[in-house]
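Scroll down for the structure; my scribbles are underneath it.
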Amino acid sequence: MLKVDLKNTVINIPFDAYINDVKAIDAKIKGKTGAGNDFLGWTSWPKDYDKEEFERIKEAAKEIQDNYEVLVVAGIGGSYLGARCAIEALNGLFPKNKVQIIFIGNTLSSNYIAQVLDYLKDKNFAINVISKSGTTTETSVAFRLLKELLISKVGVERASKAIYATTDKARGALKTEANTMGYKTFVIPDDIGGRFSVLTAVGLLPIAVAGGDIDALMKGAADAMAEYDNDDVLTNPCYKYAVTRHYLYNNDKEVEMFVTYEPQMTQIGEWLKQLFGESEGKDGKGLFPTACTFSTDLHSMGQFIQEGTKLLFETNIVVEEPNLDVTINADKDNLDGLNFLAGKNVSYVNKKAFEGTLAAHVVDGEVPNIVISIPKLDAYNLGYLFFFFMKAVAMSAYLIDVNPFNQPGVEIYKKRMFTLLGKPGYTK
């Protein structure tokens with residue numbers, strides 16, 4: 001069971017003062033009456049998801065596993081972050097899966113794209129292109145180049161069978177192309193925005209291809225949905241977390257640093273940065289989300305956190321039991337002075353690093369800390385964690401009176417870029 005520890009917030013959080021506001025916002029979320037209510041489909045998705053499509057996802061995943069060496073996932077933002085963070089969290093950074101997963105379409109770096117295309121020349125690969133519209137620049141550029149390479153290798157007919165499109169159910173450039181070319185298609189629901197889409201086909205197909213247990217993932221999310229169906233901030237840990245971050249924000253904290261102690265959880269930090277940054281950063285409001293992986297980043301950011309400007313608080317995401325472990329053995333010369341650790345596991349050292357860092361930052365540095373822990377890093381607990389943060393960000397954004405589900409500022413850079421590129425319809 002996921003736990004939220006608020007003993008180290010430095011500032012006492014007056015939860016009683018939020019009782020009525022939380023009840024009112026919870027009613028907005030349930031009744032779908034708040035700003036952006038057209039995008040609240042995720043709130044019941046773990047129960048209401050399309051079971052027929054879910055089975056087709058598993059069938060397609062098996063087909064890819066049986067026939068291809070590599071699955072190239074082309075998508076950006078919510079169209080890839082959820083899948084990537086889940087795959088790395090579940091499989092680690094050196095997985096032994098039969099199918100390699102490569103992500104592209106999330107950058108316009110010519111260096112990266114050229115290297116990926118060169119690598120794929122000698123690989124038997126399939127493509128999962130993910131785009132609601134089919135016209136997202138980064139993804140569309142990558143997909144065009146991937147198609148060209150794939151067709152040159154296997155021809156149009158075989159290429160069409162190797163392309164899986166996750167897109168709008170009825171309209172858009174990618175849906176039109178998929179219908180024309182015969183790609184297998186999966187649906188991005190109309191009422192679920194990209195950063196909330198990891199539990200839809202957007203995330204589920206790549207996760208399943210990588211060997212993830214998507215049944216357990218959805219079960220975790222469904223259990224979290226039931227657990228947090230409660231409008232009482234005094235007994236709902238998800239809303240307690242949302243209120244805590246809101247109160248810290250109103251008391252001169254401008255940055256929330258998401259902290260993990262596992263390199264394979266680094267991409268969870270990236271997913272959280274989009275989830276919170278894109279949901280809250282509007283109208284001159286919102287906490288700035290950032291992420292670090294400890295103890296690695298303590299050797300670069302630790303000094304600032306401990307003694308720098310007091311603008312941040314930390315939200316630690318901790319796994320209680322490691323999936324793998326290593327024992328530290330004694331050494332007869334003991335030149336490194338580590339024999340005091342002989343017989344202990346590396347996970348024990350990592351746990352003490354967390355406990356020592358927490359004490360240093362809270363007691364000595366007076367940096368507020370929130371600790372969110374899960375028993376194990378598996379599909380069930382990951383699904384639970386995903387839903388926890390999605391529900392929390394909805395409450396958090398409504399608490400600062402912004403629409404959690406739009407992203408008007410994202411379009412500004414696109415307009416300026418298209419103008420510079422000379423795209424038809426865009427003028428200087």
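Letters A, B, ... mark the chains of the structure tokens in the order given; residue numbers begin at 1 per chain; ligand numbers begin at 1, in order shown.
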**Asked** If you run DSSP on this backbone, which residues of stretch 207-307 of chain A come out as alpha helix (DSSP H), and could you give them as a PyMOL selection string?
**Response** chain A and resi 207-209+214-227+237-249+266-280+302-307
**Request:** Considering only C-alpha atoms, state which residue in the set A:Asp168, A:Asp252, A:Glu69, A:Glu280 is at the smallest distance from A:Ala210.
**Result:**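 For A:Ala210, the nearest of the candidates is A:Glu69.
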**Complete:** With distances taken over only C-alpha atoms, the candidate from A:Leu275, A:Gly41, A:Phe304, A:Val349 nearest A:Val326 is A:Val349
**Request:** Within 12 Å of A:Ala173, counting only C-alpha atoms, which residues show up once you throw out same-chain ones fewer than 3 positions away? Write them as number ranges by chain, please.
**Result:** A: 130-136, 140, 165-170, 176-180
Output N, CA, C and O atoms for every residue in that selection, as a PDB file, in the first residue's frame.
```
ATOM      1  N   ILE A 130       2.527   7.514 -32.113  1.00  0.00           N
ATOM      2  CA  ILE A 130       1.507   7.962 -31.159  1.00  0.00           C
ATOM      3  C   ILE A 130       1.291   9.458 -31.328  1.00  0.00           C
ATOM      4  O   ILE A 130       2.175  10.265 -31.033  1.00  0.00           O
ATOM      5  N   SER A 131       0.114   9.825 -31.815  1.00  0.00           N
ATOM      6  CA  SER A 131      -0.209  11.238 -32.007  1.00  0.00           C
ATOM      7  C   SER A 131      -1.709  11.370 -32.205  1.00  0.00           C
ATOM      8  O   SER A 131      -2.282  10.678 -33.049  1.00  0.00           O
ATOM      9  N   LYS A 132      -2.330  12.247 -31.435  1.00  0.00           N
ATOM     10  CA  LYS A 132      -3.773  12.477 -31.566  1.00  0.00           C
ATOM     11  C   LYS A 132      -4.103  13.055 -32.946  1.00  0.00           C
ATOM     12  O   LYS A 132      -5.002  12.591 -33.634  1.00  0.00           O
ATOM     13  N   SER A 133      -3.325  14.048 -33.354  1.00  0.00           N
ATOM     14  CA  SER A 133      -3.612  14.735 -34.611  1.00  0.00           C
ATOM     15  C   SER A 133      -2.882  14.115 -35.800  1.00  0.00           C
ATOM     16  O   SER A 133      -3.368  14.138 -36.926  1.00  0.00           O
ATOM     17  N   GLY A 134      -1.685  13.610 -35.543  1.00  0.00           N
ATOM     18  CA  GLY A 134      -0.849  13.134 -36.641  1.00  0.00           C
ATOM     19  C   GLY A 134      -0.020  14.231 -37.261  1.00  0.00           C
ATOM     20  O   GLY A 134       0.662  14.007 -38.271  1.00  0.00           O
ATOM     21  N   THR A 135      -0.054  15.436 -36.677  1.00  0.00           N
ATOM     22  CA  THR A 135       0.696  16.560 -37.241  1.00  0.00           C
ATOM     23  C   THR A 135       1.672  17.178 -36.237  1.00  0.00           C
ATOM     24  O   THR A 135       2.216  18.246 -36.509  1.00  0.00           O
ATOM     25  N   THR A 136       1.887  16.539 -35.091  1.00  0.00           N
ATOM     26  CA  THR A 136       2.864  17.041 -34.126  1.00  0.00           C
ATOM     27  C   THR A 136       4.246  17.018 -34.775  1.00  0.00           C
ATOM     28  O   THR A 136       4.701  15.965 -35.246  1.00  0.00           O
ATOM     29  N   SER A 140       5.980  13.752 -36.222  1.00  0.00           N
ATOM     30  CA  SER A 140       5.726  13.571 -37.658  1.00  0.00           C
ATOM     31  C   SER A 140       7.011  13.511 -38.468  1.00  0.00           C
ATOM     32  O   SER A 140       7.131  12.728 -39.422  1.00  0.00           O
ATOM     33  N   ALA A 165      -0.566   2.371 -35.071  1.00  0.00           N
ATOM     34  CA  ALA A 165      -0.857   3.783 -34.840  1.00  0.00           C
ATOM     35  C   ALA A 165      -1.793   3.942 -33.642  1.00  0.00           C
ATOM     36  O   ALA A 165      -2.867   3.331 -33.602  1.00  0.00           O
ATOM     37  N   THR A 166      -1.369   4.748 -32.688  1.00  0.00           N
ATOM     38  CA  THR A 166      -2.220   5.104 -31.549  1.00  0.00           C
ATOM     39  C   THR A 166      -2.626   6.554 -31.748  1.00  0.00           C
ATOM     40  O   THR A 166      -1.781   7.452 -31.703  1.00  0.00           O
ATOM     41  N   THR A 167      -3.929   6.772 -31.994  1.00  0.00           N
ATOM     42  CA  THR A 167      -4.360   8.096 -32.443  1.00  0.00           C
ATOM     43  C   THR A 167      -5.842   8.305 -32.137  1.00  0.00           C
ATOM     44  O   THR A 167      -6.454   7.528 -31.382  1.00  0.00           O
ATOM     45  N   ASP A 168      -6.410   9.353 -32.704  1.00  0.00           N
ATOM     46  CA  ASP A 168      -7.823   9.638 -32.520  1.00  0.00           C
ATOM     47  C   ASP A 168      -8.668   8.501 -33.102  1.00  0.00           C
ATOM     48  O   ASP A 168      -8.279   7.860 -34.079  1.00  0.00           O
ATOM     49  N   LYS A 169      -9.831   8.274 -32.504  1.00  0.00           N
ATOM     50  CA  LYS A 169     -10.660   7.153 -32.942  1.00  0.00           C
ATOM     51  C   LYS A 169     -11.317   7.385 -34.308  1.00  0.00           C
ATOM     52  O   LYS A 169     -11.708   6.429 -34.980  1.00  0.00           O
ATOM     53  N   ALA A 170     -11.443   8.662 -34.727  1.00  0.00           N
ATOM     54  CA  ALA A 170     -12.231   8.919 -35.936  1.00  0.00           C
ATOM     55  C   ALA A 170     -11.644   9.924 -36.906  1.00  0.00           C
ATOM     56  O   ALA A 170     -11.998   9.923 -38.074  1.00  0.00           O
ATOM     57  N   THR A 176      -6.377   9.044 -40.755  1.00  0.00           N
ATOM     58  CA  THR A 176      -6.635   8.936 -42.195  1.00  0.00           C
ATOM     59  C   THR A 176      -5.589   8.055 -42.865  1.00  0.00           C
ATOM     60  O   THR A 176      -5.913   7.172 -43.672  1.00  0.00           O
ATOM     61  N   GLU A 177      -4.322   8.285 -42.525  1.00  0.00           N
ATOM     62  CA  GLU A 177      -3.239   7.478 -43.106  1.00  0.00           C
ATOM     63  C   GLU A 177      -3.354   6.018 -42.692  1.00  0.00           C
ATOM     64  O   GLU A 177      -3.152   5.106 -43.512  1.00  0.00           O
ATOM     65  N   ALA A 178      -3.675   5.800 -41.408  1.00  0.00           N
ATOM     66  CA  ALA A 178      -3.801   4.424 -40.917  1.00  0.00           C
ATOM     67  C   ALA A 178      -4.906   3.677 -41.655  1.00  0.00           C
ATOM     68  O   ALA A 178      -4.746   2.502 -42.031  1.00  0.00           O
ATOM     69  N   ASN A 179      -6.029   4.348 -41.880  1.00  0.00           N
ATOM     70  CA  ASN A 179      -7.132   3.713 -42.616  1.00  0.00           C
ATOM     71  C   ASN A 179      -6.727   3.400 -44.050  1.00  0.00           C
ATOM     72  O   ASN A 179      -7.060   2.339 -44.592  1.00  0.00           O
ATOM     73  N   THR A 180      -6.006   4.329 -44.671  1.00  0.00           N
ATOM     74  CA  THR A 180      -5.590   4.152 -46.074  1.00  0.00           C
ATOM     75  C   THR A 180      -4.573   3.023 -46.210  1.00  0.00           C
ATOM     76  O   THR A 180      -4.668   2.200 -47.131  1.00  0.00           O
TER      77      THR A 180
END
```
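Proximity to A:Ala222 at 9 Å, evaluated using only C-alpha atoms and with sequence-adjacent residues fewer than 5 positions away removed, yields Ser44, Trp45, Pro46, Lys47, Leu217, Glu227, Gly383, Tyr384 and Phe387 of chain A.
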I need the chosen residues saved as an mmCIF file, in the first residue's frame, with N, CA, C and O atoms.
```cif
data_model
loop_
_atom_site.group_PDB
_atom_site.id
_atom_site.type_symbol
_atom_site.label_atom_id
_atom_site.label_comp_id
_atom_site.auth_asym_id
_atom_site.auth_seq_id
_atom_site.Cartn_x
_atom_site.Cartn_y
_atom_site.Cartn_z
ATOM 1 N N SER A 44 -12.143 7.722 -14.041
ATOM 2 C CA SER A 44 -12.814 6.421 -13.927
ATOM 3 C C SER A 44 -12.227 5.388 -14.894
ATOM 4 O O SER A 44 -12.722 4.259 -14.964
ATOM 5 N N TRP A 45 -11.183 5.773 -15.622
ATOM 6 C CA TRP A 45 -10.617 4.895 -16.658
ATOM 7 C C TRP A 45 -10.170 3.527 -16.128
ATOM 8 O O TRP A 45 -10.379 2.512 -16.812
ATOM 9 N N PRO A 46 -9.545 3.426 -14.945
ATOM 10 C CA PRO A 46 -9.118 2.099 -14.482
ATOM 11 C C PRO A 46 -10.263 1.101 -14.345
ATOM 12 O O PRO A 46 -10.035 -0.110 -14.319
ATOM 13 N N LYS A 47 -11.491 1.592 -14.251
ATOM 14 C CA LYS A 47 -12.671 0.729 -14.189
ATOM 15 C C LYS A 47 -13.386 0.661 -15.538
ATOM 16 O O LYS A 47 -13.885 -0.397 -15.930
ATOM 17 N N LEU A 217 -0.894 -3.554 -13.735
ATOM 18 C CA LEU A 217 -0.819 -2.093 -13.788
ATOM 19 C C LEU A 217 -2.208 -1.487 -13.617
ATOM 20 O O LEU A 217 -2.415 -0.555 -12.819
ATOM 21 N N GLU A 227 -9.448 3.692 -3.424
ATOM 22 C CA GLU A 227 -8.875 4.183 -2.165
ATOM 23 C C GLU A 227 -9.041 5.688 -2.015
ATOM 24 O O GLU A 227 -9.326 6.196 -0.920
ATOM 25 N N GLY A 383 1.070 1.273 -11.176
ATOM 26 C CA GLY A 383 -0.268 1.724 -11.546
ATOM 27 C C GLY A 383 -0.915 2.513 -10.422
ATOM 28 O O GLY A 383 -1.580 3.536 -10.656
ATOM 29 N N TYR A 384 -0.709 2.078 -9.199
ATOM 30 C CA TYR A 384 -1.227 2.768 -8.023
ATOM 31 C C TYR A 384 -0.610 4.168 -7.930
ATOM 32 O O TYR A 384 -1.307 5.157 -7.691
ATOM 33 N N PHE A 387 -1.965 6.691 -10.609
ATOM 34 C CA PHE A 387 -3.275 7.267 -10.316
ATOM 35 C C PHE A 387 -3.191 8.238 -9.137
ATOM 36 O O PHE A 387 -3.857 9.290 -9.142
#
```
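For A:Lys184, the non-local neighbours within 10 Å, defined as residues at least 6 positions apart in the same chain or in other chains and counting only C-alpha atoms, are Arg56, Ala60, Asn128, Ser160, Lys161, Ala162, Ile163, Tyr164, Ala165, Thr166 and Ala178 of chain A.
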Residues within 7 Å of stretch 267-272 of chain A, only C-alpha atoms, excluding chain neighbours under 2 positions, as a JSON list (two decimals) with N, CA and C atoms, in the first residue's frame:
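This is the output file result_14.json:
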```
[["chain", "number", "residue", "atom", "x", "y", "z"],
["A", 81, "LEU", "N", 6.34, 9.78, -22.46],
["A", 81, "LEU", "CA", 6.94, 9.83, -21.13],
["A", 81, "LEU", "C", 6.41, 8.75, -20.19],
["A", 82, "GLY", "N", 5.09, 8.52, -20.22],
["A", 82, "GLY", "CA", 4.52, 7.51, -19.34],
["A", 82, "GLY", "C", 5.04, 6.12, -19.66],
["A", 84, "ARG", "N", 7.81, 5.34, -21.27],
["A", 84, "ARG", "CA", 9.24, 5.22, -20.99],
["A", 84, "ARG", "C", 9.51, 5.08, -19.49],
["A", 85, "CYS", "N", 8.82, 5.88, -18.68],
["A", 85, "CYS", "CA", 9.09, 5.80, -17.25],
["A", 85, "CYS", "C", 8.65, 4.45, -16.70],
["A", 258, "PHE", "N", 11.22, 16.45, -7.03],
["A", 258, "PHE", "CA", 10.91, 15.04, -6.90],
["A", 258, "PHE", "C", 12.21, 14.26, -6.81],
["A", 265, "MET", "N", 14.26, 4.88, -11.88],
["A", 265, "MET", "CA", 13.09, 5.72, -11.62],
["A", 265, "MET", "C", 13.29, 7.15, -12.10],
["A", 274, "GLN", "N", 6.27, 16.83, -16.35],
["A", 274, "GLN", "CA", 5.23, 17.23, -17.30],
["A", 274, "GLN", "C", 3.86, 17.29, -16.62],
["A", 275, "LEU", "N", 3.55, 16.26, -15.84],
["A", 275, "LEU", "CA", 2.23, 16.19, -15.21],
["A", 275, "LEU", "C", 1.94, 17.43, -14.38],
["A", 276, "PHE", "N", 2.88, 17.82, -13.55],
["A", 276, "PHE", "CA", 2.66, 18.97, -12.67],
["A", 276, "PHE", "C", 2.95, 20.30, -13.38],
["A", 291, "ALA", "N", 13.48, 17.44, -10.77],
["A", 291, "ALA", "CA", 13.70, 16.08, -10.27],
["A", 291, "ALA", "C", 15.19, 15.79, -10.13]]
```
**Request:** Would you kindly return, as a PyMOL selection string, each protein, DNA or RNA residue with an atom no farther than 7 Å from any atom of A:Phe103, considering only C-alpha atoms and excluding same-chain residues fewer than 5 positions away?
**Result:** chain A and resi 72-74
**Message:** From a backbone DSSP assignment, name each residue in stretch 278-395 of chain A labelled strand (DSSP E or B), as a PyMOL selection string.
**Reply:** chain A and resi 288-293+312-321+327+345+369-376
**Request:** Have a look at atom CA of A:Gln264 and atom CA of A:Leu338 and let me know their distance in Å, one decimal.
**Result:**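 Value for the atom CA of A:Gln264-atom CA of A:Leu338 distance: 25.8 Å.
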